[in-house]
Amino acid sequence: MIIFGAPRRYIQGPGVLAAIGKELAGFGTSAILLADDNVNKIVGKAITDSAKQAGVTVTDLRFGGEITYAEIERLVGEASGAKFDVVIAAGGGKTIDTGKLVSKALKSAFVSVPTVASNDSPTSHIAVVYDRDHKLVGVEQNRSNPDLVLVDTAIIAKAPLKLLSAGVGDALVKRFEVEQCVGAKGNNVFGAGSPRSALALAHACYDTVRDHTVAAYQSLERGEPDEHLEALVEACVLMSGLAFESGGLSVSHGMTRGLSAVPGVANALHGHQVAYGLLVQLVLEGRDDEFMADMYNFYREARLPLKLADLGLEDRSNSVVDTIATVSAEAAHMKKFAKPISAEDIARAITVIEAA
């Protein structure tokens with residue numbers, strides 16, 4: 001059995017936020033807008049005004065900044081006094097993942113409005129939960145993929161380059177993870193086999209990232225979207241999300257278990273953590289020197305981490321490497337690989353990367 005999951009509707013382009021009201025009206029007449037203070041200043045008025053014109057009332061709900069079980073419980077408690085037809089989550093991956101679980105608890109439709117392209121959370125149905133120290137503690141599921149994903153690239157074009165770089169990292173890894181998951185006959189995120197279309201998307205995602213990243217960064221520096229930024233955002237948000245959920249994950253994402261257990265590294269952006277995880281995966285795959293040299297060159301162009309120090313580690317000791325390796329080896333994604341992986345294998349791969 002294979003399963004392919006996707007959002008009901010995906011809209012991308014400069015200025016599309018102005019038309020969100022018409023989309024929201026298809027779900028009902030009452031909505032929650034979940035966003036932190038900064039994001040609300042960027043998109044709050046545009047969403048509220050457009051919704052009002054379409055006959056939809058919007059109630060603001062402030063996100064506290066970290067996706068924890070306590071924060072989800074607080075937000076659900078604040079929203080439980082009324083009936084809401086749709087939850088809109090605007091911002092980055094933490095806000096959007098939180099919105100998924102709030103909408104699930106309220107039994108409302110869900111709309112994601114990413115204001116950065118730092119990961120593929122906007123299109124997926126899963127939510128990654130952390131503790132207050134940003135250690136990964138759980139992965140939860142919404143009832144389905146988002147009912148609508150609306151990506152205004154005029155807003156994305158004004159976001160910090162570091163965040164887009166994280167999106168590049170998150171998208172880059174999908175080709176290699178889906179290949180491994182399919183080869184190992186592992187299940188995808190839906191608990192089923194991976195359709196061929198997911199593998200095709202993973203390859204298209206990788207090619208798009210490699211072809212457009214450098215030019216898209218130049219577009220971001222100008223603060224104006226162009227064809228290169230449009231292509232890269234589609235890869236980081238849409239292609240990457242569809243590929244990983246329906247194609248499956250492997251070592252790159254498995255490494256986030258161990259990386260998030262180490263102070264300093266735990267605060268690194270998800271996309272940068274999995275980019276480092278990809279280097280570990282490629283060493284474990286036994287890629288040749290020419291392939292690795294090409295990948296290292298791209299990492300430099302894309303401003304991706306090449307060392308643990310780039311992720312925020314101040315002191316790389318053997319005990320830190322052992323912690324990362326031991327915790328990561330227990331991740332379920334590690335089983336979706338061509339051969340069994342031990343903590344010792346991971347530690348050796350990290351040592352190779354750090355010495356390169």
# chains A, B, ... in the order shown; residues from 1 in each chain; ligands from 1
$ select_by_dssp --residues "region 227-292 of chain A" --states "alpha helix (DSSP H)" --output "ChimeraX atom specification"
/A:227-233,240-247,251-259,270-285,289-292
$ residues_around --residues "region 171-181 of chain A" --least-positions-apart "3" --cutoff "8 Å" --atoms "only C-alpha atoms" --output "number ranges by chain"
A: 119-120, 167-168, 184-188, 198-199, 202-203, 205-206, 209, 235-236, 239-240, 243-244, 247-252, 271, 274-275, 278, 336-338
$ write_last_selection --atoms "N, CA and C atoms" --output "tab-separated table (two decimals), in the first residue's frame"
chain	number	residue	atom	x	y	z
A	119	ASN	N	11.69	26.21	6.36
A	119	ASN	CA	11.46	24.76	6.44
A	119	ASN	C	10.18	24.43	5.69
A	120	ASP	N	9.82	23.14	5.68
A	120	ASP	CA	8.64	22.71	4.92
A	120	ASP	C	7.44	22.42	5.81
A	167	GLY	N	15.99	26.86	5.09
A	167	GLY	CA	15.04	26.20	4.19
A	167	GLY	C	15.74	25.42	3.10
A	168	VAL	N	16.84	25.98	2.61
A	168	VAL	CA	17.64	25.27	1.61
A	168	VAL	C	18.18	23.97	2.19
A	184	ALA	N	15.35	1.03	1.44
A	184	ALA	CA	15.24	0.16	2.61
A	184	ALA	C	13.82	-0.37	2.81
A	185	LYS	N	12.91	0.03	1.90
A	185	LYS	CA	11.50	-0.36	2.00
A	185	LYS	C	10.89	0.07	3.34
A	186	GLY	N	11.29	1.27	3.78
A	186	GLY	CA	10.72	1.83	5.01
A	186	GLY	C	9.40	2.53	4.72
A	187	ASN	N	8.65	2.78	5.77
A	187	ASN	CA	7.38	3.48	5.63
A	187	ASN	C	7.60	4.99	5.58
A	188	ASN	N	6.71	5.68	4.91
A	188	ASN	CA	6.74	7.14	4.92
A	188	ASN	C	6.05	7.66	6.18
A	198	ALA	N	6.67	10.63	-5.03
A	198	ALA	CA	7.40	11.28	-3.95
A	198	ALA	C	8.90	11.29	-4.24
A	199	LEU	N	9.40	10.20	-4.79
A	199	LEU	CA	10.82	10.14	-5.15
A	199	LEU	C	11.12	11.12	-6.28
A	202	ALA	N	11.31	14.51	-4.78
A	202	ALA	CA	12.56	14.70	-4.04
A	202	ALA	C	13.71	15.05	-4.98
A	203	HIS	N	13.75	14.40	-6.14
A	203	HIS	CA	14.79	14.71	-7.12
A	203	HIS	C	14.57	16.10	-7.73
A	205	CYS	N	13.12	18.56	-6.29
A	205	CYS	CA	13.43	19.49	-5.22
A	205	CYS	C	14.93	19.74	-5.16
A	206	TYR	N	15.71	18.68	-5.18
A	206	TYR	CA	17.17	18.80	-5.14
A	206	TYR	C	17.69	19.60	-6.33
A	209	VAL	N	16.87	23.32	-5.97
A	209	VAL	CA	17.73	23.95	-4.97
A	209	VAL	C	19.12	24.21	-5.54
A	235	ALA	N	10.48	25.03	-3.91
A	235	ALA	CA	11.23	23.84	-3.52
A	235	ALA	C	11.26	23.67	-2.01
A	236	CYS	N	11.54	24.76	-1.29
A	236	CYS	CA	11.69	24.70	0.17
A	236	CYS	C	10.38	24.43	0.89
A	239	MET	N	7.69	21.40	-2.60
A	239	MET	CA	8.31	20.14	-3.03
A	239	MET	C	8.89	19.36	-1.85
A	240	SER	N	9.61	20.08	-1.00
A	240	SER	CA	10.26	19.44	0.14
A	240	SER	C	9.24	18.80	1.07
A	243	ALA	N	7.64	15.73	-0.57
A	243	ALA	CA	8.63	14.65	-0.71
A	243	ALA	C	8.85	13.93	0.61
A	244	PHE	N	9.01	14.68	1.69
A	244	PHE	CA	9.36	14.00	2.95
A	244	PHE	C	8.18	13.25	3.55
A	247	GLY	N	7.45	10.46	0.93
A	247	GLY	CA	8.62	9.68	0.56
A	247	GLY	C	9.34	9.03	1.72
A	248	GLY	N	9.31	9.69	2.88
A	248	GLY	CA	9.97	9.15	4.06
A	248	GLY	C	11.27	9.86	4.38
A	249	LEU	N	11.74	9.67	5.61
A	249	LEU	CA	12.96	10.30	6.10
A	249	LEU	C	13.98	9.25	6.47
A	250	SER	N	15.21	9.71	6.71
A	250	SER	CA	16.29	8.77	7.03
A	250	SER	C	17.27	9.42	8.01
A	251	VAL	N	18.56	9.24	7.76
A	251	VAL	CA	19.59	9.64	8.70
A	251	VAL	C	19.60	11.15	8.97
A	252	SER	N	19.46	11.95	7.93
A	252	SER	CA	19.58	13.41	8.09
A	252	SER	C	18.65	13.93	9.18
A	271	GLY	N	16.65	23.44	9.76
A	271	GLY	CA	17.23	23.20	8.44
A	271	GLY	C	18.75	23.11	8.47
A	274	VAL	N	19.59	19.53	10.00
A	274	VAL	CA	19.46	18.41	9.07
A	274	VAL	C	20.50	18.50	7.96
A	275	ALA	N	20.95	19.71	7.63
A	275	ALA	CA	22.03	19.85	6.64
A	275	ALA	C	23.30	19.20	7.16
A	278	LEU	N	22.87	15.58	6.93
A	278	LEU	CA	23.10	15.03	5.59
A	278	LEU	C	24.57	14.69	5.38
A	336	LYS	N	15.69	3.45	8.44
A	336	LYS	CA	15.35	3.55	7.02
A	336	LYS	C	16.62	3.86	6.23
A	337	PHE	N	17.52	2.89	6.26
A	337	PHE	CA	18.83	3.04	5.65
A	337	PHE	C	19.25	1.70	5.09
A	338	ALA	N	20.20	1.74	4.17
A	338	ALA	CA	20.59	0.52	3.44
A	338	ALA	C	21.18	-0.56	4.35
$ residues_around --residues "Gly312 (chain A)" --least-positions-apart "4" --cutoff "7 Å" --atoms "only C-alpha atoms" --output "list in words"
Gly264, Val265, Ala268 and Leu308 of chain A
$ write_last_selection --atoms "C-alpha atoms" --output "PDB file, in the first residue's frame"
ATOM      1  CA  GLY A 264      24.238  25.429  21.795  1.00  0.00           C
ATOM      2  CA  VAL A 265      23.535  23.092  18.906  1.00  0.00           C
ATOM      3  CA  ALA A 268      20.405  25.917  15.681  1.00  0.00           C
ATOM      4  CA  LEU A 308      29.433  21.427  14.654  1.00  0.00           C
TER       5      LEU A 308
END
$ residues_around --residues "region 29-38 of chain A" --least-positions-apart "3" --cutoff "6 Å" --atoms "only C-alpha atoms" --output "mmCIF file with all heavy atoms, in the first residue's frame"
data_model
loop_
_atom_site.group_PDB
_atom_site.id
_atom_site.type_symbol
_atom_site.label_atom_id
_atom_site.label_comp_id
_atom_site.auth_asym_id
_atom_site.auth_seq_id
_atom_site.Cartn_x
_atom_site.Cartn_y
_atom_site.Cartn_z
ATOM 1 N N LYS A 41 2.576 42.178 13.317
ATOM 2 C CA LYS A 41 2.786 43.522 12.776
ATOM 3 C C LYS A 41 2.968 43.490 11.257
ATOM 4 O O LYS A 41 2.627 44.453 10.562
ATOM 5 C CB LYS A 41 4.017 44.153 13.432
ATOM 6 C CG LYS A 41 3.828 44.486 14.901
ATOM 7 C CD LYS A 41 5.126 45.005 15.512
ATOM 8 C CE LYS A 41 4.975 45.252 17.006
ATOM 9 N NZ LYS A 41 6.264 45.673 17.627
ATOM 10 N N VAL A 56 -15.575 37.467 7.146
ATOM 11 C CA VAL A 56 -14.961 36.572 8.134
ATOM 12 C C VAL A 56 -14.388 37.405 9.284
ATOM 13 O O VAL A 56 -13.618 38.332 9.060
ATOM 14 C CB VAL A 56 -13.837 35.730 7.505
ATOM 15 C CG1 VAL A 56 -13.197 34.813 8.557
ATOM 16 C CG2 VAL A 56 -14.366 34.909 6.334
ATOM 17 N N THR A 57 -14.766 37.053 10.504
ATOM 18 C CA THR A 57 -14.261 37.729 11.697
ATOM 19 C C THR A 57 -12.994 37.030 12.180
ATOM 20 O O THR A 57 -12.961 35.800 12.299
ATOM 21 C CB THR A 57 -15.306 37.704 12.821
ATOM 22 O OG1 THR A 57 -16.502 38.344 12.367
ATOM 23 C CG2 THR A 57 -14.791 38.423 14.067
ATOM 24 N N VAL A 58 -11.956 37.813 12.475
ATOM 25 C CA VAL A 58 -10.674 37.253 12.894
ATOM 26 C C VAL A 58 -10.384 37.638 14.345
ATOM 27 O O VAL A 58 -10.471 38.805 14.720
ATOM 28 C CB VAL A 58 -9.524 37.761 11.995
ATOM 29 C CG1 VAL A 58 -8.175 37.258 12.519
ATOM 30 C CG2 VAL A 58 -9.737 37.297 10.560
ATOM 31 N N THR A 59 -10.049 36.638 15.144
ATOM 32 C CA THR A 59 -9.648 36.842 16.537
ATOM 33 C C THR A 59 -8.161 36.549 16.679
ATOM 34 O O THR A 59 -7.690 35.489 16.270
ATOM 35 C CB THR A 59 -10.442 35.896 17.474
ATOM 36 O OG1 THR A 59 -11.839 36.180 17.356
ATOM 37 C CG2 THR A 59 -9.999 36.084 18.925
ATOM 38 N N ASP A 60 -7.420 37.491 17.251
ATOM 39 C CA ASP A 60 -5.980 37.319 17.420
ATOM 40 C C ASP A 60 -5.664 36.396 18.592
ATOM 41 O O ASP A 60 -6.305 36.454 19.645
ATOM 42 C CB ASP A 60 -5.299 38.672 17.676
ATOM 43 C CG ASP A 60 -5.176 39.499 16.405
ATOM 44 O OD1 ASP A 60 -5.228 38.909 15.313
ATOM 45 O OD2 ASP A 60 -5.028 40.727 16.514
ATOM 46 N N LEU A 61 -4.645 35.551 18.394
ATOM 47 C CA LEU A 61 -4.126 34.687 19.443
ATOM 48 C C LEU A 61 -2.611 34.776 19.356
ATOM 49 O O LEU A 61 -2.030 34.519 18.303
ATOM 50 C CB LEU A 61 -4.597 33.245 19.218
ATOM 51 C CG LEU A 61 -4.553 32.275 20.404
ATOM 52 C CD1 LEU A 61 -5.408 32.776 21.553
ATOM 53 C CD2 LEU A 61 -5.028 30.898 19.965
ATOM 54 N N ARG A 62 -1.954 35.151 20.451
ATOM 55 C CA ARG A 62 -0.516 35.401 20.417
ATOM 56 C C ARG A 62 0.287 34.139 20.728
ATOM 57 O O ARG A 62 0.055 33.479 21.742
ATOM 58 C CB ARG A 62 -0.132 36.485 21.419
ATOM 59 C CG ARG A 62 -0.482 37.881 20.977
ATOM 60 C CD ARG A 62 0.338 38.306 19.745
ATOM 61 N NE ARG A 62 0.050 39.680 19.392
ATOM 62 C CZ ARG A 62 -0.923 40.052 18.586
ATOM 63 N NH1 ARG A 62 -1.705 39.142 18.038
ATOM 64 N NH2 ARG A 62 -1.120 41.326 18.308
ATOM 65 N N PHE A 63 1.243 33.839 19.873
ATOM 66 C CA PHE A 63 2.146 32.710 20.077
ATOM 67 C C PHE A 63 3.292 33.153 20.975
ATOM 68 O O PHE A 63 3.886 34.210 20.770
ATOM 69 C CB PHE A 63 2.679 32.231 18.723
ATOM 70 C CG PHE A 63 3.678 31.113 18.810
ATOM 71 C CD1 PHE A 63 3.387 29.939 19.498
ATOM 72 C CD2 PHE A 63 4.922 31.227 18.197
ATOM 73 C CE1 PHE A 63 4.309 28.908 19.571
ATOM 74 C CE2 PHE A 63 5.841 30.200 18.254
ATOM 75 C CZ PHE A 63 5.535 29.038 18.955
ATOM 76 N N PHE A 84 -14.663 28.311 16.356
ATOM 77 C CA PHE A 84 -13.913 28.908 15.254
ATOM 78 C C PHE A 84 -13.879 27.936 14.083
ATOM 79 O O PHE A 84 -13.582 26.753 14.262
ATOM 80 C CB PHE A 84 -12.492 29.253 15.696
ATOM 81 C CG PHE A 84 -12.436 30.335 16.732
ATOM 82 C CD1 PHE A 84 -12.293 30.022 18.075
ATOM 83 C CD2 PHE A 84 -12.540 31.665 16.357
ATOM 84 C CE1 PHE A 84 -12.247 31.018 19.035
ATOM 85 C CE2 PHE A 84 -12.499 32.680 17.314
ATOM 86 C CZ PHE A 84 -12.353 32.356 18.656
ATOM 87 N N ASP A 85 -14.169 28.451 12.891
ATOM 88 C CA ASP A 85 -14.213 27.599 11.702
ATOM 89 C C ASP A 85 -12.825 27.278 11.168
ATOM 90 O O ASP A 85 -12.613 26.218 10.574
ATOM 91 C CB ASP A 85 -15.032 28.297 10.604
ATOM 92 C CG ASP A 85 -16.470 28.542 11.027
ATOM 93 O OD1 ASP A 85 -17.114 27.588 11.506
ATOM 94 O OD2 ASP A 85 -16.925 29.697 10.896
ATOM 95 N N VAL A 86 -11.889 28.183 11.393
ATOM 96 C CA VAL A 86 -10.561 27.996 10.812
ATOM 97 C C VAL A 86 -9.503 28.629 11.712
ATOM 98 O O VAL A 86 -9.736 29.670 12.327
ATOM 99 C CB VAL A 86 -10.488 28.588 9.380
ATOM 100 C CG1 VAL A 86 -10.850 30.054 9.366
ATOM 101 C CG2 VAL A 86 -9.117 28.363 8.753
ATOM 102 N N VAL A 87 -8.346 27.970 11.794
ATOM 103 C CA VAL A 87 -7.172 28.511 12.484
ATOM 104 C C VAL A 87 -6.145 28.877 11.428
ATOM 105 O O VAL A 87 -5.761 28.039 10.607
ATOM 106 C CB VAL A 87 -6.575 27.494 13.463
ATOM 107 C CG1 VAL A 87 -5.241 28.011 14.019
ATOM 108 C CG2 VAL A 87 -7.540 27.203 14.597
ATOM 109 N N ILE A 88 -5.709 30.142 11.441
ATOM 110 C CA ILE A 88 -4.647 30.613 10.550
ATOM 111 C C ILE A 88 -3.382 30.740 11.390
ATOM 112 O O ILE A 88 -3.380 31.435 12.404
ATOM 113 C CB ILE A 88 -4.975 31.998 9.955
ATOM 114 C CG1 ILE A 88 -6.377 32.031 9.366
ATOM 115 C CG2 ILE A 88 -3.933 32.413 8.928
ATOM 116 C CD1 ILE A 88 -6.961 33.445 9.278
ATOM 117 N N ALA A 89 -2.313 30.078 10.987
ATOM 118 C CA ALA A 89 -1.029 30.211 11.676
ATOM 119 C C ALA A 89 -0.065 30.926 10.737
ATOM 120 O O ALA A 89 0.232 30.429 9.646
ATOM 121 C CB ALA A 89 -0.472 28.858 12.078
ATOM 122 N N ALA A 90 0.408 32.096 11.162
ATOM 123 C CA ALA A 90 1.307 32.901 10.328
ATOM 124 C C ALA A 90 2.654 33.041 11.013
ATOM 125 O O ALA A 90 2.732 33.336 12.206
ATOM 126 C CB ALA A 90 0.705 34.282 10.068
#
$ select_by_dssp --residues "region 94-308 of chain A" --states "strand (DSSP E)" --output "PyMOL selection string"
chain A and resi 109-114+126-130+136-141+148-152
$ atom_distance --atom1 "CA of Phe190 (chain A)" --atom2 "CA of Arg9 (chain A)"
19.2 Å
$ closest_residue --among "A:Gln53, A:Ser219, A:Ser197, A:Ser103" --to "Glu23 (chain A)" --atoms "only C-alpha atoms"
A:Gln53
$ residues_around --residues "region 290-300 of chain A" --least-positions-apart "6" --cutoff "10 Å" --atoms "only C-alpha atoms" --output "tab-separated table (two decimals) with N, CA and C atoms, in the first residue's frame"
chain	number	residue	atom	x	y	z
A	165	SER	N	18.41	30.17	4.15
A	165	SER	CA	19.47	29.18	4.13
A	165	SER	C	19.04	27.90	4.85
A	168	VAL	N	16.84	25.98	2.61
A	168	VAL	CA	17.64	25.27	1.61
A	168	VAL	C	18.18	23.97	2.19
A	169	GLY	N	18.68	24.03	3.43
A	169	GLY	CA	19.19	22.82	4.07
A	169	GLY	C	18.12	21.77	4.21
A	210	ARG	N	19.68	23.22	-6.20
A	210	ARG	CA	21.03	23.39	-6.75
A	210	ARG	C	21.04	24.45	-7.85
A	213	THR	N	19.60	28.42	-5.92
A	213	THR	CA	19.92	28.99	-4.61
A	213	THR	C	20.74	30.28	-4.70
A	214	VAL	N	21.83	30.26	-5.42
A	214	VAL	CA	22.72	31.42	-5.45
A	214	VAL	C	22.01	32.66	-5.99
A	275	ALA	N	20.95	19.71	7.63
A	275	ALA	CA	22.03	19.85	6.64
A	275	ALA	C	23.30	19.20	7.16
A	276	TYR	N	23.60	19.42	8.43
A	276	TYR	CA	24.75	18.73	9.02
A	276	TYR	C	24.48	17.23	9.06
A	279	LEU	N	25.46	15.52	5.88
A	279	LEU	CA	26.89	15.19	5.76
A	279	LEU	C	27.19	13.87	6.43
A	282	LEU	N	25.86	11.12	4.16
A	282	LEU	CA	26.68	10.91	2.97
A	282	LEU	C	27.96	10.14	3.29
A	283	VAL	N	28.54	10.41	4.46
A	283	VAL	CA	29.72	9.65	4.88
A	283	VAL	C	29.32	8.19	5.11
A	306	LEU	N	29.14	23.37	7.99
A	306	LEU	CA	30.09	22.31	7.65
A	306	LEU	C	30.67	21.64	8.89
A	356	ALA	N	37.48	17.17	8.10
A	356	ALA	CA	37.56	17.52	6.67
A	356	ALA	C	37.99	18.98	6.48
$ residues_around --residues "Pro14 (chain A)" --least-positions-apart "6" --cutoff "10 Å" --atoms "only C-alpha atoms" --output "ChimeraX atom specification"
/A:151-157,224-226,230
$ write_last_selection --atoms "all heavy atoms" --output "short mmCIF file (atom, residue, chain, number, x, y, z; two decimals), in the first residue's frame"
data_model
loop_
_atom_site.label_atom_id
_atom_site.label_comp_id
_atom_site.auth_asym_id
_atom_site.auth_seq_id
_atom_site.Cartn_x
_atom_site.Cartn_y
_atom_site.Cartn_z
N VAL A 151 1.48 31.43 0.42
CA VAL A 151 2.86 31.90 0.52
C VAL A 151 3.02 33.18 -0.27
O VAL A 151 3.05 33.16 -1.50
CB VAL A 151 3.85 30.83 -0.01
CG1 VAL A 151 5.28 31.25 0.29
CG2 VAL A 151 3.56 29.46 0.58
N ASP A 152 3.12 34.30 0.44
CA ASP A 152 3.30 35.60 -0.22
C ASP A 152 4.81 35.85 -0.35
O ASP A 152 5.48 36.17 0.63
CB ASP A 152 2.63 36.70 0.60
CG ASP A 152 2.52 38.01 -0.17
OD1 ASP A 152 3.46 38.32 -0.93
OD2 ASP A 152 1.51 38.71 -0.02
N THR A 153 5.32 35.71 -1.55
CA THR A 153 6.76 35.82 -1.75
C THR A 153 7.28 37.25 -1.63
O THR A 153 8.48 37.46 -1.45
CB THR A 153 7.18 35.25 -3.12
OG1 THR A 153 6.29 35.74 -4.13
CG2 THR A 153 7.10 33.73 -3.11
N ALA A 154 6.39 38.25 -1.67
CA ALA A 154 6.83 39.61 -1.40
C ALA A 154 7.24 39.76 0.06
O ALA A 154 8.14 40.55 0.39
CB ALA A 154 5.71 40.60 -1.74
N ILE A 155 6.61 38.98 0.93
CA ILE A 155 6.98 38.97 2.35
C ILE A 155 8.22 38.11 2.56
O ILE A 155 9.16 38.51 3.28
CB ILE A 155 5.81 38.46 3.20
CG1 ILE A 155 4.63 39.43 3.12
CG2 ILE A 155 6.23 38.25 4.65
CD1 ILE A 155 3.35 38.92 3.76
N ILE A 156 8.26 36.95 1.93
CA ILE A 156 9.42 36.05 2.05
C ILE A 156 10.70 36.78 1.62
O ILE A 156 11.77 36.59 2.20
CB ILE A 156 9.23 34.80 1.17
CG1 ILE A 156 7.96 34.03 1.57
CG2 ILE A 156 10.46 33.91 1.22
CD1 ILE A 156 8.04 33.27 2.85
N ALA A 157 10.59 37.62 0.60
CA ALA A 157 11.76 38.30 0.03
C ALA A 157 12.40 39.28 1.00
O ALA A 157 13.53 39.73 0.77
CB ALA A 157 11.38 39.02 -1.26
N GLU A 224 13.36 41.77 -3.27
CA GLU A 224 12.31 41.66 -4.29
C GLU A 224 12.31 40.26 -4.89
O GLU A 224 13.37 39.76 -5.31
CB GLU A 224 12.53 42.69 -5.40
CG GLU A 224 12.47 44.13 -4.93
CD GLU A 224 12.75 45.11 -6.06
OE1 GLU A 224 13.06 44.64 -7.18
OE2 GLU A 224 12.67 46.33 -5.82
N PRO A 225 11.14 39.60 -4.96
CA PRO A 225 11.10 38.27 -5.54
C PRO A 225 11.30 38.28 -7.04
O PRO A 225 10.90 39.23 -7.73
CB PRO A 225 9.67 37.79 -5.20
CG PRO A 225 8.87 39.04 -5.03
CD PRO A 225 9.82 40.07 -4.49
N ASP A 226 11.98 37.27 -7.56
CA ASP A 226 12.11 37.07 -8.99
C ASP A 226 11.90 35.59 -9.28
O ASP A 226 11.52 34.81 -8.39
CB ASP A 226 13.46 37.57 -9.51
CG ASP A 226 14.65 36.82 -8.91
OD1 ASP A 226 14.44 35.80 -8.22
OD2 ASP A 226 15.80 37.25 -9.13
N GLU A 230 11.20 32.58 -6.53
CA GLU A 230 9.93 31.84 -6.63
C GLU A 230 10.21 30.34 -6.73
O GLU A 230 9.55 29.51 -6.07
CB GLU A 230 9.12 32.30 -7.85
CG GLU A 230 8.61 33.72 -7.77
CD GLU A 230 7.47 33.91 -6.77
OE1 GLU A 230 6.89 32.91 -6.31
OE2 GLU A 230 7.17 35.08 -6.45
#
$ closest_residue --among "A:Gly5, A:Gly286, A:Gly65, A:Gly223" --to "His134 (chain A)" --atoms "only C-alpha atoms"
A:Gly65
$ residues_around --residues "Arg74 (chain A)" --least-positions-apart "6" --cutoff "12 Å" --atoms "only C-alpha atoms" --output "number ranges by chain"
A: 61-64, 67-68, 80, 98, 101-102, 105
$ write_last_selection --atoms "N, CA and C atoms" --output "compact mmCIF listing (two decimals), in the first residue's frame"
# COMPACT_ATOMS: atom_id res chain seq x y z
N LEU A 61 -4.65 35.55 18.39
CA LEU A 61 -4.13 34.69 19.44
C LEU A 61 -2.61 34.78 19.36
N ARG A 62 -1.95 35.15 20.45
CA ARG A 62 -0.52 35.40 20.42
C ARG A 62 0.29 34.14 20.73
N PHE A 63 1.24 33.84 19.87
CA PHE A 63 2.15 32.71 20.08
C PHE A 63 3.29 33.15 20.98
N GLY A 64 3.64 32.31 21.95
CA GLY A 64 4.64 32.67 22.94
C GLY A 64 6.08 32.51 22.51
N ILE A 67 7.30 26.01 20.67
CA ILE A 67 6.26 25.00 20.60
C ILE A 67 6.52 23.93 21.64
N THR A 68 5.81 24.05 22.74
CA THR A 68 5.87 23.08 23.83
C THR A 68 4.45 22.59 24.10
N SER A 80 -10.92 28.14 23.61
CA SER A 80 -11.99 27.16 23.81
C SER A 80 -13.35 27.78 24.14
N THR A 98 2.51 24.75 15.86
CA THR A 98 1.61 24.98 16.99
C THR A 98 0.18 25.14 16.50
N LEU A 101 -1.75 21.88 15.84
CA LEU A 101 -2.26 21.16 17.00
C LEU A 101 -3.39 21.93 17.69
N VAL A 102 -3.37 23.25 17.59
CA VAL A 102 -4.50 24.04 18.09
C VAL A 102 -5.73 23.76 17.24
N ALA A 105 -7.21 20.36 18.09
CA ALA A 105 -7.96 20.36 19.35
C ALA A 105 -9.31 21.04 19.20
$ closest_residue --among "A:Ala331, A:Ala159, A:Ile96, A:Val321" --to "Val262 (chain A)" --atoms "only C-alpha atoms"
A:Val321
